[in-house]
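Just below is one structure, and these are the notes that go with it.
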Amino acid sequence: MRPAAVVSDARVNDKKTAAIASLREFLRISESRGEVQVVAGADPDREMGALYELSLEQLYPPVLLFKDMKGCAPGCRVIMNVRTSPLMVGELNLDAVRAYRACRDKRKAEPIPPREVASGPVMENVMEGDHVDMTRFPQPVWHEDDGGVYLGTECVVIMKDPDSDWINVGTYRTQVHDRRTLTVFTEPGKHGDVIRRKYWERGEACPVVVCFGQAPVLGSVARVGYGQCISELAIAGGQIGRAIEVIKGSKTGLPIPADAEIAVEGLMVSPDVETRPEGPFGEWPGYYASGRRDEPATRVTAVYHRNDPILIGQPPVRPTLPGRQTHIAGAAAIWDALEGAGVPGVTGVWKLSAGGTRFINVVAIRQMHAGHAKMAGLVATGAAPAAFLGRMTIVVDDDIDITSMAEVVWAMATRWDPKTQTDIIDGCWSGYLDPVLPPEKRAAGDTTNSRIIIYAVRPWHWKDQFPKVNAVSREYAEEVRARWRDRLKFLDD
Ligand SMILES: Cc1cc2nc3c(=O)[nH]c(=O)nc-3n(C[C@H](O)[C@H](O)[C@H](O)COP(=O)(O)O)c2cc1C
Ligand SMILES: [Mn+2]
């Protein structure tokens, strides 16, 4: 299915803003556009996951709305393919990255802090103390070899830095172990990890809120590696042009999005106090790499949910499926970082989707001086939005269409001398999801990997002697097309 809308349509943009601001509005608008596939009677035990994976054989998969699932309380629903839906995603090209940056630049000046309200729909149902029961919700086992139930796939995890006012929001997968115990798998170095360790060092448990269904904008900001002390809630407010409404949690004091579908408050204890075996879980690089480890237990103290709550399901699948799409916001964030670091002449940033939105980043530059390509490659490798779980940075000249895998590989095949145009850097930030992290490094907690920077550019000092590209020039080609179009069918565009 192609997206019915293009980014420039103002009415669609209004609808899009309304849809990212509210999951129920998203559902209503998507239904009115005929983009929702209702699935009744599926089994949360692997069947929903298999249907989801099959849906990703399309670049723009339909929104899946599961209801009346086997063994589940009536009313409960599961929604999938929200962020990748036709309504949310326009064209997947460099203009989309530029448009994303342009919008964000406008809004960046004004992140809008969240606004506290007394109550909201999430408080329609409350479970506290002995009544807390996480097994009342659908219990999806997404992949055949998953080691348990993952209620949280695109969940948002909210924590407060104990040393400041910084409230962090990140997406970290969440497994249900029993009625009152969860694990929140947070890779070393993520903000949620930095924050929780501060509490543990003081001998305290880390207060936490987890939402399992929320405004799409919250999922969008929770997945991007903004810098420390940046409030994702305020960025989300900026993106929708109004404050995110939050309720102060009675157990933790943390903000709970007022229109969340399902939210819990809890305490994540130190691993010295209690752990649970977490995983294995089918992961986005396309493997079960993190296996099974002990993770700190999160004890749930209260559960809130709307009537007929809608759980968001977004389990990872291998990046070779078309529906995995590229990560427009991630490419935009790297481009922002390059500009922020003062790298001139950047004409594009892209992620090759076979690299699963992280492993393979491509930067195009109009070379301006000796060492310019290296400057771009080093920043694009080390900057926050690219630093985690990268593998390859490929720098190319601006005549390469970086959204085409064939063109990028052609640049490597023809402009890159491996011995003289490569940097390999050790000890970079990786994690347990990295399939090539060797067993001994896993065991030692050394979650680092190496990176390659490939300078697939015409070498600066002899670029003027570099062989000319053998291709008909764009202008001449169009002139010839115009002259012959009437007579030659293959020239029609
Ligand atoms: C659907 C989805 C699931 C994710 N699961 C995890 C996870 O289980 N653990 C993790 O550390 N990061 C996970 N991430 C990546 C983080 O959300 C991302 O690194 C984000 O920047 C974390 O927020 P932070 O920068 O505030 O730490 C996931 C991202 C998405 C989109
Ligand atoms: Mn953060």
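Ordering of the structure tokens sets the chain letters (A, B, ...), residue numbers begin anew at 1 in every chain, and ligands are numbered from 1 in the order given.
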**OP:** Can you check which residues of range 28-239 of chain A DSSP gives as strand (DSSP E or B) on the backbone and send them as a count of residues only?
**Re:** 52
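Around ligand 1, using only C-alpha atoms and all ligand atoms and a cut-off of 6 Å, the residues in contact are Thr153, Glu154, Asn168, Val169, Gly170, Thr171, Tyr172, Arg173, Phe185, Thr186, Glu187, Lys190, His191, Gly192, Ala222, Arg223, Val224, Gly225, Tyr226 and Gln314 of chain A.
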File of the preceding selection, N, CA and C atoms, as a PDB file, in the first residue's frame:
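After the write, selection-v8.pdb holds the following:
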```pdb
ATOM      1  N   THR A 153       6.918  -3.375  24.290  1.00  0.00           N
ATOM      2  CA  THR A 153       7.825  -3.416  23.131  1.00  0.00           C
ATOM      3  C   THR A 153       8.121  -1.969  22.741  1.00  0.00           C
ATOM      4  N   GLU A 154       7.056  -1.215  22.375  1.00  0.00           N
ATOM      5  CA  GLU A 154       7.242   0.224  22.208  1.00  0.00           C
ATOM      6  C   GLU A 154       6.646   0.945  23.423  1.00  0.00           C
ATOM      7  N   ASN A 168      13.585  11.715  32.279  1.00  0.00           N
ATOM      8  CA  ASN A 168      13.952  11.025  31.040  1.00  0.00           C
ATOM      9  C   ASN A 168      12.836  10.090  30.570  1.00  0.00           C
ATOM     10  N   VAL A 169      12.687   9.997  29.262  1.00  0.00           N
ATOM     11  CA  VAL A 169      11.736   9.054  28.675  1.00  0.00           C
ATOM     12  C   VAL A 169      12.479   8.220  27.637  1.00  0.00           C
ATOM     13  N   GLY A 170      12.472   6.916  27.816  1.00  0.00           N
ATOM     14  CA  GLY A 170      13.148   6.032  26.852  1.00  0.00           C
ATOM     15  C   GLY A 170      12.296   4.797  26.626  1.00  0.00           C
ATOM     16  N   THR A 171      12.485   4.169  25.477  1.00  0.00           N
ATOM     17  CA  THR A 171      11.811   2.894  25.214  1.00  0.00           C
ATOM     18  C   THR A 171      12.768   1.763  25.547  1.00  0.00           C
ATOM     19  N   TYR A 172      12.423   0.951  26.517  1.00  0.00           N
ATOM     20  CA  TYR A 172      13.211  -0.222  26.895  1.00  0.00           C
ATOM     21  C   TYR A 172      12.223  -1.381  27.069  1.00  0.00           C
ATOM     22  N   ARG A 173      12.510  -2.501  26.433  1.00  0.00           N
ATOM     23  CA  ARG A 173      11.541  -3.599  26.419  1.00  0.00           C
ATOM     24  C   ARG A 173      11.236  -4.084  27.852  1.00  0.00           C
ATOM     25  N   PHE A 185      14.538  -4.016  30.324  1.00  0.00           N
ATOM     26  CA  PHE A 185      15.892  -4.297  29.809  1.00  0.00           C
ATOM     27  C   PHE A 185      16.507  -3.007  29.271  1.00  0.00           C
ATOM     28  N   THR A 186      17.432  -2.461  30.016  1.00  0.00           N
ATOM     29  CA  THR A 186      18.031  -1.173  29.657  1.00  0.00           C
ATOM     30  C   THR A 186      19.513  -1.379  29.424  1.00  0.00           C
ATOM     31  N   GLU A 187      19.942  -1.159  28.207  1.00  0.00           N
ATOM     32  CA  GLU A 187      21.346  -1.417  27.866  1.00  0.00           C
ATOM     33  C   GLU A 187      22.257  -0.457  28.637  1.00  0.00           C
ATOM     34  N   LYS A 190      22.467   3.704  28.523  1.00  0.00           N
ATOM     35  CA  LYS A 190      21.236   4.421  28.190  1.00  0.00           C
ATOM     36  C   LYS A 190      20.874   5.307  29.390  1.00  0.00           C
ATOM     37  N   HIS A 191      20.112   6.361  29.119  1.00  0.00           N
ATOM     38  CA  HIS A 191      19.826   7.303  30.206  1.00  0.00           C
ATOM     39  C   HIS A 191      19.120   6.618  31.379  1.00  0.00           C
ATOM     40  N   GLY A 192      18.251   5.682  31.048  1.00  0.00           N
ATOM     41  CA  GLY A 192      17.566   4.959  32.124  1.00  0.00           C
ATOM     42  C   GLY A 192      18.549   4.190  32.992  1.00  0.00           C
ATOM     43  N   ALA A 222      10.872   8.823  22.493  1.00  0.00           N
ATOM     44  CA  ALA A 222      11.522   7.905  23.440  1.00  0.00           C
ATOM     45  C   ALA A 222      12.576   7.027  22.780  1.00  0.00           C
ATOM     46  N   ARG A 223      12.584   6.980  21.460  1.00  0.00           N
ATOM     47  CA  ARG A 223      13.527   6.088  20.785  1.00  0.00           C
ATOM     48  C   ARG A 223      14.764   6.804  20.269  1.00  0.00           C
ATOM     49  N   VAL A 224      14.769   8.125  20.358  1.00  0.00           N
ATOM     50  CA  VAL A 224      15.889   8.889  19.803  1.00  0.00           C
ATOM     51  C   VAL A 224      16.881   9.219  20.928  1.00  0.00           C
ATOM     52  N   GLY A 225      18.162   9.073  20.625  1.00  0.00           N
ATOM     53  CA  GLY A 225      19.189   9.335  21.631  1.00  0.00           C
ATOM     54  C   GLY A 225      19.505  10.822  21.743  1.00  0.00           C
ATOM     55  N   TYR A 226      18.620  11.574  22.364  1.00  0.00           N
ATOM     56  CA  TYR A 226      18.926  12.981  22.624  1.00  0.00           C
ATOM     57  C   TYR A 226      19.990  13.016  23.711  1.00  0.00           C
ATOM     58  N   GLN A 314       4.998  -3.549  19.153  1.00  0.00           N
ATOM     59  CA  GLN A 314       5.969  -3.237  18.088  1.00  0.00           C
ATOM     60  C   GLN A 314       7.199  -4.107  18.287  1.00  0.00           C
TER      61      GLN A 314
END
```
Test item: residues at most 10 Å from Glu283 in chain A, only C-alpha atoms, excluding those fewer than 6 positions along its chain, as an mmCIF file with N, CA and C atoms, in the first residue's frame:
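Result file out.cif:
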```
data_model
loop_
_atom_site.group_PDB
_atom_site.id
_atom_site.type_symbol
_atom_site.label_atom_id
_atom_site.label_comp_id
_atom_site.auth_asym_id
_atom_site.auth_seq_id
_atom_site.Cartn_x
_atom_site.Cartn_y
_atom_site.Cartn_z
ATOM 1 N N HIS A 143 7.708 -13.920 19.437
ATOM 2 C CA HIS A 143 8.495 -14.756 18.509
ATOM 3 C C HIS A 143 8.592 -16.166 19.082
ATOM 4 N N ASP A 146 11.008 -16.690 22.025
ATOM 5 C CA ASP A 146 11.018 -15.738 23.144
ATOM 6 C C ASP A 146 10.886 -16.490 24.461
ATOM 7 N N ALA A 289 20.338 -12.208 20.263
ATOM 8 C CA ALA A 289 21.740 -12.077 20.687
ATOM 9 C C ALA A 289 21.913 -11.907 22.197
ATOM 10 N N SER A 290 20.987 -11.213 22.844
ATOM 11 C CA SER A 290 21.244 -10.926 24.271
ATOM 12 C C SER A 290 20.940 -12.137 25.151
ATOM 13 N N PRO A 315 7.021 -5.437 18.261
ATOM 14 C CA PRO A 315 8.180 -6.286 18.523
ATOM 15 C C PRO A 315 9.196 -6.182 17.389
ATOM 16 N N PRO A 316 10.469 -6.361 17.714
ATOM 17 C CA PRO A 316 11.479 -6.245 16.669
ATOM 18 C C PRO A 316 11.404 -7.408 15.688
ATOM 19 N N VAL A 317 11.740 -7.117 14.456
ATOM 20 C CA VAL A 317 11.895 -8.165 13.438
ATOM 21 C C VAL A 317 13.128 -7.838 12.605
ATOM 22 N N ARG A 318 13.594 -8.829 11.860
ATOM 23 C CA ARG A 318 14.837 -8.640 11.096
ATOM 24 C C ARG A 318 14.735 -7.487 10.088
ATOM 25 N N PRO A 319 15.859 -6.789 9.950
ATOM 26 C CA PRO A 319 15.796 -5.544 9.173
ATOM 27 C C PRO A 319 15.705 -5.728 7.670
ATOM 28 N N LEU A 433 22.690 -6.601 22.414
ATOM 29 C CA LEU A 433 21.985 -6.985 21.191
ATOM 30 C C LEU A 433 22.929 -7.204 20.016
ATOM 31 N N ASP A 434 24.194 -6.832 20.184
ATOM 32 C CA ASP A 434 25.139 -6.904 19.071
ATOM 33 C C ASP A 434 25.491 -8.366 18.811
ATOM 34 N N PRO A 435 25.085 -8.902 17.641
ATOM 35 C CA PRO A 435 25.296 -10.334 17.418
ATOM 36 C C PRO A 435 26.769 -10.747 17.426
#
```
Subject >> Spatial neighbours of range 54-63 of chain A, max dist 12 Å, only C-alpha atoms, sep filter under 6 positions, as JSON, numbers by chain >> reply: {"A": [1, 2, 3, 4, 26, 27, 28, 29, 30, 31, 33, 34, 35, 36, 37, 38, 39, 47, 48, 78, 79, 80, 81, 82, 83, 84, 85, 86, 87, 88, 89, 90, 91, 92, 312, 313, 314, 315, 316, 317, 318, 319, 320, 321, 322, 323, 324, 325, 326, 353]}
Mind checking which residues fall within 10 Å of Pro113 in chain A, counting only C-alpha atoms, ignoring those fewer than 5 positions away in the same chain, and posting them as a short mmCIF file (atom, residue, chain, number, x, y, z; two decimals) with C-alpha atoms, in the first residue's frame?
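File written: result_27.cif
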```cif
data_model
loop_
_atom_site.label_atom_id
_atom_site.label_comp_id
_atom_site.auth_asym_id
_atom_site.auth_seq_id
_atom_site.Cartn_x
_atom_site.Cartn_y
_atom_site.Cartn_z
CA SER A 231 13.39 16.32 28.45
CA GLU A 232 11.79 14.10 25.87
CA LEU A 233 8.38 15.09 27.29
CA ALA A 234 9.09 18.73 26.41
CA ILE A 235 10.34 17.77 22.94
CA ALA A 236 7.12 15.82 22.41
CA GLY A 237 5.08 18.85 23.55
CA GLY A 238 6.98 20.98 21.03
CA ARG A 242 0.91 21.87 23.16
CA ALA A 243 1.99 20.55 26.54
CA ILE A 244 1.76 16.82 27.20
CA GLU A 245 -0.72 16.48 30.07
#
```
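Proximity to Val362 in chain A was assessed for A:Gly282, A:Val132, A:Pro439, A:Ala456 counting only C-alpha atoms; the smallest distance is recorded for A:Ala456.
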Original post:
Hey, what's within 8 Å of range 336-341 of chain A if we count only C-alpha atoms and toss same-chain stuff fewer than 4 positions away? As a list of chain:residue names, please?
Top reply: A:Arg101, A:Ala332, A:Val346, A:Ala376, A:Val379, A:Ala380, A:Ala383, A:Ala384, A:Pro385
Just write the chosen residues, C-alpha atoms, as a short mmCIF file (atom, residue, chain, number, x, y, z; two decimals), in the first residue's frame.
```
data_model
loop_
_atom_site.label_atom_id
_atom_site.label_comp_id
_atom_site.auth_asym_id
_atom_site.auth_seq_id
_atom_site.Cartn_x
_atom_site.Cartn_y
_atom_site.Cartn_z
CA ARG A 101 14.78 18.68 10.25
CA ALA A 332 17.81 13.76 10.79
CA VAL A 346 26.77 18.01 4.39
CA ALA A 376 32.41 14.24 8.73
CA VAL A 379 31.57 13.17 13.97
CA ALA A 380 28.94 10.95 12.33
CA ALA A 383 27.86 11.82 17.94
CA ALA A 384 25.09 10.82 20.35
CA PRO A 385 22.46 9.77 17.79
#
```
Subject >> Non-local contacts of Arg180 in chain A (7 Å; only C-alpha atoms; under 2 positions in same chain excluded) as a VMD selection string >> reply: chain A and resid 132 to 134 178 182 299 to 300
**OP:** Go ahead and compute the interatomic distance for CA of Leu389 in chain A and CA of Asn361 in chain A, in Å to one decimal.
**Re:**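 Straight-line distance from CA of Leu389 in chain A to CA of Asn361 in chain A works out to 11.2 Å.
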**OP:** List every residue of range 164-223 of chain A that DSSP, applied to the backbone of this structure, assigns to alpha helix (DSSP H), and report them as a count of residues only.
**Re:** 18
Original post:
Using only C-alpha atoms and all ligand atoms, which of the listed residues (A:Val149, A:Gly227, A:Ser220, A:Glu204) sits closest to ligand 2?
Top reply: A:Gly227
Original post:
CA of Ile240 in chain A to CA of Glu116 in chain A: how many Å, to one decimal?
Top reply: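 These atoms are spaced 16.7 Å apart.
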**OP:** Would you please work out which residue, of A:Trp350, A:Gly213, A:Ser164, A:Lys67, is nearest to Leu151 in chain A when using only C-alpha atoms?
**Re:** A:Gly213
Original post:
Mind pulling up the distance from CA of Pro140 in chain A to CA of Trp284 in chain A?
Top reply: 17.3 Å
Original post:
Smallest atom-to-atom distance to ligand 2: which of A:Gly129, A:Gly189, A:Gly147, A:Gly71, using only C-alpha atoms and all ligand atoms?
Top reply: A:Gly189
